[in-house]
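> Shown below is the structure under consideration.
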Amino acid sequence: MTPSDYEYLRKLLKDLSGLDLSADKQYLIDSRLQPLARKSGLSNIGELVAKMKSGSGAFIAEVVEAMTTNETFFFRDKVPFDHFRGSIIPEILQARAARKSIRIWCAAGSTGQEPYSLAMCLKEMSAALVGWRVEILATDLSQDVLEKSRSGIYSQFEVQRGLPIQMLVKYFKQTGELWQVNGDIRAMVQHRQLNLLHDFSQLGSFDVIFCRNVLIYFDQDTKIDIFGRLARAMEPDGFLVLGAAETVVGLSDVFKASPERRGLYRPSGVHAAPARTSVLGANAPKAIAMAGL
Ligand SMILES: C[S@@+](CC[C@H](N)C(=O)[O-])C[C@H]1O[C@@H](n2cnc3c(N)ncnc32)[C@H](O)[C@@H]1O
């Protein structure tokens, strides 16, 4: 890959997905894009860049998807789910007793293990939720991971990562070597493609937002912009849950850390400057809109 191919890919990926690659990540591009190049009948990354420059929006979307990191597993990091069961939902049950509705957003839900973990937690609490309207929205940039999430089908390896055996038996059906989440749990999760760089104000207001292990790939300005817009997409007494390596501290004052609950943030009541609808500049390639990213 020539330096100019690398710079082209670096800028495009930053503009389209927020991925902030440092100057020395050629190996990452190589390992993620060589398989796509081969599958597309191209012999190297140079040819792949040439095809992108020829303006195929669908192909650019494939490149962006191939560069996303989709690592996830059931009940990842455990603690956020303990907070969810032990304090977030109990507090919401009190605060929303009149309205009897809960809206939860998994803002980078990947292949579904995170939203289905939340759905299983809620199912376990169903006695307290009789008569409540519960909504879980799972969004992601990548259509491929959303498709898998919708199917709710996982390999033996995937269900062995983080999922307690009792839950596997209770909430999954085995078909050959695969396991599928039961229909009633799947029905609790709505799916939708969404790029966090773009305006999401149309989603309305949430009580709980899980936005984990995605902001880590973005630069500081992008994180600040997204925190501002997440705060506006949240009820004033809502909860933001970030990944173990992510924080708002030192970046934004629209959320405050929740004492003694690691990874949990509450709106501070401070409002960020009005949203930019997108961090894409005016120079964003037309192909983006065509690709629907
Ligand atoms: C590492 S996974 C995290 C999944 C899950 N939240 C967890 O913590 O296990 C990151 C996900 O973020 C998605 N992603 C990357 N850039 C995105 C963007 N700009 N907007 C929305 N999702 C994005 C990727 O497709 C990927 O599925």
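Going through the structure tokens in order, the chains are called A, B, and so on, while each chain numbers its residues from 1 and the ligands are numbered from 1 in the order shown.
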Using only C-alpha atoms and all ligand atoms, find each residue of chain A with at least one atom at most 9 Å away from an atom of ligand 1; report its shortest atom-to-atom pair and that distance in Å (one decimal), sort the rows by chain and rising residue number, and return the result as CSV.

residue,atom,partner,partner_atom_place_in_ligand_line,distance
A:Lys14,CA,ligand 1,19 (N),8.9
A:Leu16,CA,ligand 1,19 (N),7.1
A:Ser17,CA,ligand 1,19 (N),4.0
A:Gly18,CA,ligand 1,19 (N),5.3
A:Leu19,CA,ligand 1,16 (N),6.7
A:Val64,CA,ligand 1,16 (N),8.7
A:Glu65,CA,ligand 1,25 (O),6.7
A:Ala66,CA,ligand 1,25 (O),8.9
A:Met67,CA,ligand 1,25 (O),8.5
A:Thr68,CA,ligand 1,25 (O),5.0
A:Thr69,CA,ligand 1,1 (C),5.0
A:Asn70,CA,ligand 1,27 (O),4.0
A:Glu71,CA,ligand 1,1 (C),4.5
A:Thr72,CA,ligand 1,9 (O),3.5
A:Phe73,CA,ligand 1,9 (O),5.7
A:Phe74,CA,ligand 1,9 (O),7.7
A:Phe75,CA,ligand 1,9 (O),8.3
A:Arg76,CA,ligand 1,9 (O),6.0
A:Asp77,CA,ligand 1,8 (O),8.6
A:Cys106,CA,ligand 1,6 (N),7.0
A:Ala107,CA,ligand 1,21 (C),6.7
A:Ala108,CA,ligand 1,12 (O),4.4
A:Gly109,CA,ligand 1,6 (N),4.8
A:Ser110,CA,ligand 1,27 (O),3.4
A:Thr111,CA,ligand 1,27 (O),6.7
A:Gly112,CA,ligand 1,5 (C),8.0
A:Gln113,CA,ligand 1,9 (O),7.1
A:Glu114,CA,ligand 1,5 (C),5.9
A:Pro115,CA,ligand 1,5 (C),8.6
A:Thr139,CA,ligand 1,21 (C),7.0
A:Asp140,CA,ligand 1,22 (N),4.2
A:Leu141,CA,ligand 1,22 (N),4.0
A:Ser142,CA,ligand 1,25 (O),4.7
A:Gln143,CA,ligand 1,25 (O),8.3
A:Asp144,CA,ligand 1,25 (O),8.6
A:Val145,CA,ligand 1,27 (O),6.4
A:Leu146,CA,ligand 1,27 (O),8.3
A:Gln193,CA,ligand 1,21 (C),7.9
A:Leu194,CA,ligand 1,21 (C),5.7
A:Asn195,CA,ligand 1,20 (N),3.6
A:Leu196,CA,ligand 1,20 (N),3.8
A:Leu197,CA,ligand 1,19 (N),5.4
A:His198,CA,ligand 1,20 (N),8.1
A:Phe210,CA,ligand 1,6 (N),7.2
A:Cys211,CA,ligand 1,6 (N),6.0
A:Arg212,CA,ligand 1,6 (N),4.3
A:Asn213,CA,ligand 1,8 (O),4.6
A:Val214,CA,ligand 1,10 (C),4.6
A:Leu215,CA,ligand 1,16 (N),8.0
A:Ile216,CA,ligand 1,1 (C),8.9
A:Tyr217,CA,ligand 1,16 (N),7.6
A:Phe218,CA,ligand 1,16 (N),8.3
A:Leu242,CA,ligand 1,8 (O),8.3
A:Gly243,CA,ligand 1,8 (O),6.3
A:Ala244,CA,ligand 1,8 (O),9.0
A:Leu293,CA,ligand 1,19 (N),8.6
> Which residues come within 12 Å of Val270 (chain A), counting only C-alpha atoms, excluding same-chain residues fewer than 6 positions away, as a PyMOL selection string?
chain A and resi 227-228+231-232+236+252-256
> Do a neighbour search on Arg150 (chain A) at 10 Å with only C-alpha atoms, toss out local chain neighbours closer than 3 positions, and write the hits as a list of chain:residue names.
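Skipping anything fewer than 3 positions along the chain leaves A:Thr111, A:Gly112, A:Ala138, A:Val145, A:Leu146, A:Glu147, A:Ile153, A:Val181, A:Arg186, A:Ala187, A:Val189, A:Gln190, A:His191, A:Arg192.
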> Considering only C-alpha atoms, return as a ChimeraX atom specification whatever protein or nucleic-acid residues lie within 9 Å of Ala23 (chain A), sequence-local ones (same chain, fewer than 3 positions apart) excluded.
/A:6-7,10,26
> Output N, CA and C atoms for every residue in the selection just made, as a CSV table (one decimal), in the first residue's frame.

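After the write, again.csv holds the following:
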chain,number,residue,atom,x,y,z
A,6,TYR,N,-2.8,4.8,1.9
A,6,TYR,CA,-3.1,4.8,3.3
A,6,TYR,C,-3.8,6.0,3.8
A,7,GLU,N,-3.3,7.2,3.4
A,7,GLU,CA,-3.9,8.5,3.8
A,7,GLU,C,-5.3,8.6,3.3
A,10,ARG,N,-7.4,6.3,5.5
A,10,ARG,CA,-7.4,6.8,6.9
A,10,ARG,C,-8.5,7.9,7.0
A,26,GLN,N,-1.0,0.6,9.2
A,26,GLN,CA,-1.1,-0.1,7.9
A,26,GLN,C,-1.4,-1.6,8.0
> Could you pull out the strand (DSSP E) residues of region 177-240 of chain A, going by DSSP on the backbone, and write them as a PDB file with N, CA, C and O atoms, in the first residue's frame?

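What follows is the written file part-v4.pdb:
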ATOM      1  N   LEU A 178     -25.725 -25.027  16.340  1.00  0.00           N
ATOM      2  CA  LEU A 178     -25.995 -23.609  16.604  1.00  0.00           C
ATOM      3  C   LEU A 178     -27.083 -23.444  17.657  1.00  0.00           C
ATOM      4  O   LEU A 178     -27.873 -24.362  17.903  1.00  0.00           O
ATOM      5  N   TRP A 179     -27.112 -22.257  18.213  1.00  0.00           N
ATOM      6  CA  TRP A 179     -28.114 -21.935  19.228  1.00  0.00           C
ATOM      7  C   TRP A 179     -28.838 -20.673  18.800  1.00  0.00           C
ATOM      8  O   TRP A 179     -28.215 -19.690  18.402  1.00  0.00           O
ATOM      9  N   GLN A 180     -30.179 -20.699  18.919  1.00  0.00           N
ATOM     10  CA  GLN A 180     -30.926 -19.478  18.573  1.00  0.00           C
ATOM     11  C   GLN A 180     -31.671 -18.955  19.799  1.00  0.00           C
ATOM     12  O   GLN A 180     -32.331 -19.719  20.527  1.00  0.00           O
ATOM     13  N   VAL A 181     -31.594 -17.637  19.980  1.00  0.00           N
ATOM     14  CA  VAL A 181     -32.324 -17.001  21.076  1.00  0.00           C
ATOM     15  C   VAL A 181     -33.817 -17.221  20.830  1.00  0.00           C
ATOM     16  O   VAL A 181     -34.298 -17.078  19.693  1.00  0.00           O
ATOM     17  N   VAL A 189     -36.297  -7.013  21.134  1.00  0.00           N
ATOM     18  CA  VAL A 189     -35.235  -6.135  20.605  1.00  0.00           C
ATOM     19  C   VAL A 189     -35.575  -5.680  19.178  1.00  0.00           C
ATOM     20  O   VAL A 189     -35.791  -6.504  18.293  1.00  0.00           O
ATOM     21  N   GLN A 190     -35.643  -4.384  19.001  1.00  0.00           N
ATOM     22  CA  GLN A 190     -35.816  -3.818  17.665  1.00  0.00           C
ATOM     23  C   GLN A 190     -34.428  -3.496  17.107  1.00  0.00           C
ATOM     24  O   GLN A 190     -33.543  -3.100  17.882  1.00  0.00           O
ATOM     25  N   HIS A 191     -34.268  -3.636  15.797  1.00  0.00           N
ATOM     26  CA  HIS A 191     -32.962  -3.355  15.194  1.00  0.00           C
ATOM     27  C   HIS A 191     -33.056  -2.224  14.174  1.00  0.00           C
ATOM     28  O   HIS A 191     -34.073  -2.096  13.485  1.00  0.00           O
ATOM     29  N   ARG A 192     -31.971  -1.493  14.068  1.00  0.00           N
ATOM     30  CA  ARG A 192     -31.966  -0.412  13.101  1.00  0.00           C
ATOM     31  C   ARG A 192     -30.519  -0.008  12.808  1.00  0.00           C
ATOM     32  O   ARG A 192     -29.708   0.057  13.724  1.00  0.00           O
ATOM     33  N   GLN A 193     -30.222   0.253  11.539  1.00  0.00           N
ATOM     34  CA  GLN A 193     -28.872   0.718  11.224  1.00  0.00           C
ATOM     35  C   GLN A 193     -28.740   2.180  11.619  1.00  0.00           C
ATOM     36  O   GLN A 193     -29.626   2.996  11.309  1.00  0.00           O
ATOM     37  N   PHE A 206     -34.409   8.358  25.728  1.00  0.00           N
ATOM     38  CA  PHE A 206     -34.222   7.043  26.360  1.00  0.00           C
ATOM     39  C   PHE A 206     -34.000   7.164  27.867  1.00  0.00           C
ATOM     40  O   PHE A 206     -33.476   8.164  28.356  1.00  0.00           O
ATOM     41  N   ASP A 207     -34.366   6.098  28.572  1.00  0.00           N
ATOM     42  CA  ASP A 207     -34.090   6.031  30.006  1.00  0.00           C
ATOM     43  C   ASP A 207     -32.689   5.474  30.261  1.00  0.00           C
ATOM     44  O   ASP A 207     -32.046   5.839  31.231  1.00  0.00           O
ATOM     45  N   VAL A 208     -32.263   4.574  29.373  1.00  0.00           N
ATOM     46  CA  VAL A 208     -30.956   3.936  29.542  1.00  0.00           C
ATOM     47  C   VAL A 208     -30.280   3.859  28.168  1.00  0.00           C
ATOM     48  O   VAL A 208     -30.905   3.427  27.199  1.00  0.00           O
ATOM     49  N   ILE A 209     -29.020   4.274  28.117  1.00  0.00           N
ATOM     50  CA  ILE A 209     -28.258   4.094  26.870  1.00  0.00           C
ATOM     51  C   ILE A 209     -26.989   3.313  27.187  1.00  0.00           C
ATOM     52  O   ILE A 209     -26.179   3.721  28.018  1.00  0.00           O
ATOM     53  N   PHE A 210     -26.852   2.164  26.548  1.00  0.00           N
ATOM     54  CA  PHE A 210     -25.593   1.417  26.578  1.00  0.00           C
ATOM     55  C   PHE A 210     -24.815   1.831  25.327  1.00  0.00           C
ATOM     56  O   PHE A 210     -25.288   1.609  24.209  1.00  0.00           O
ATOM     57  N   CYS A 211     -23.688   2.467  25.517  1.00  0.00           N
ATOM     58  CA  CYS A 211     -22.857   2.858  24.369  1.00  0.00           C
ATOM     59  C   CYS A 211     -21.445   2.410  24.713  1.00  0.00           C
ATOM     60  O   CYS A 211     -20.627   3.176  25.212  1.00  0.00           O
ATOM     61  N   MET A 234     -31.521  11.628  26.057  1.00  0.00           N
ATOM     62  CA  MET A 234     -31.725  10.911  27.311  1.00  0.00           C
ATOM     63  C   MET A 234     -32.638  11.687  28.241  1.00  0.00           C
ATOM     64  O   MET A 234     -32.607  12.919  28.277  1.00  0.00           O
ATOM     65  N   GLU A 235     -33.449  10.953  29.001  1.00  0.00           N
ATOM     66  CA  GLU A 235     -34.279  11.589  30.029  1.00  0.00           C
ATOM     67  C   GLU A 235     -33.350  12.235  31.064  1.00  0.00           C
ATOM     68  O   GLU A 235     -32.248  11.728  31.308  1.00  0.00           O
ATOM     69  N   PRO A 236     -33.793  13.321  31.709  1.00  0.00           N
ATOM     70  CA  PRO A 236     -32.908  14.009  32.660  1.00  0.00           C
ATOM     71  C   PRO A 236     -32.436  13.117  33.810  1.00  0.00           C
ATOM     72  O   PRO A 236     -31.388  13.357  34.399  1.00  0.00           O
ATOM     73  N   ASP A 237     -33.212  12.059  34.127  1.00  0.00           N
ATOM     74  CA  ASP A 237     -32.787  11.143  35.195  1.00  0.00           C
ATOM     75  C   ASP A 237     -32.349   9.787  34.617  1.00  0.00           C
ATOM     76  O   ASP A 237     -32.425   8.759  35.276  1.00  0.00           O
ATOM     77  N   GLY A 238     -31.897   9.814  33.360  1.00  0.00           N
ATOM     78  CA  GLY A 238     -31.514   8.563  32.694  1.00  0.00           C
ATOM     79  C   GLY A 238     -30.110   8.091  33.067  1.00  0.00           C
ATOM     80  O   GLY A 238     -29.432   8.686  33.917  1.00  0.00           O
ATOM     81  N   PHE A 239     -29.711   6.987  32.421  1.00  0.00           N
ATOM     82  CA  PHE A 239     -28.412   6.363  32.726  1.00  0.00           C
ATOM     83  C   PHE A 239     -27.650   6.111  31.430  1.00  0.00           C
ATOM     84  O   PHE A 239     -28.198   5.518  30.504  1.00  0.00           O
ATOM     85  N   LEU A 240     -26.390   6.519  31.419  1.00  0.00           N
ATOM     86  CA  LEU A 240     -25.508   6.177  30.302  1.00  0.00           C
ATOM     87  C   LEU A 240     -24.497   5.155  30.799  1.00  0.00           C
ATOM     88  O   LEU A 240     -23.876   5.348  31.852  1.00  0.00           O
TER      89      LEU A 240
END
> Can you work out which one of A:Glu246, A:Asp219, A:Glu260, A:Glu47 has the shortest atom-to-atom distance to Leu21 (chain A), counting only C-alpha atoms?
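Of the candidates, the smallest distance to Leu21 (chain A) is held by A:Asp219.
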> Please compute the CA of Gln160 (chain A)-CA of Ala127 (chain A) distance, one decimal, in Å.
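Computing it gives 27.7 Å between the two atoms.
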> Run DSSP on the backbone and tell me which residues of region 80-117 of chain A come out as alpha helix (DSSP H); list them as a list in words.
Pro80, Phe81, Asp82, His83, Ile89, Pro90, Glu91, Ile92, Leu93, Gln94, Ala95, Gln113, Glu114, Pro115, Tyr116 and Ser117 of chain A
> Quick one: residues within 12 Å of region 170-175 of chain A, only C-alpha atoms counted, chain neighbours fewer than 5 positions away excluded, as a list in words?
Tyr116, Ser117, Ala119, Met120, Cys121, Lys123, Glu124, Gly152, Ile153, Tyr154, Ser155, Gln156, Val159, Leu163, Pro164, Ile165, Gln180, Val181, Asn182, Gly183, Asp184, Ile185 and Arg186 of chain A
> How many Å separate CA of Asp5 (chain A) from CA of Asp199 (chain A)?
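Separation of CA of Asp5 (chain A) and CA of Asp199 (chain A): 29.5 Å.
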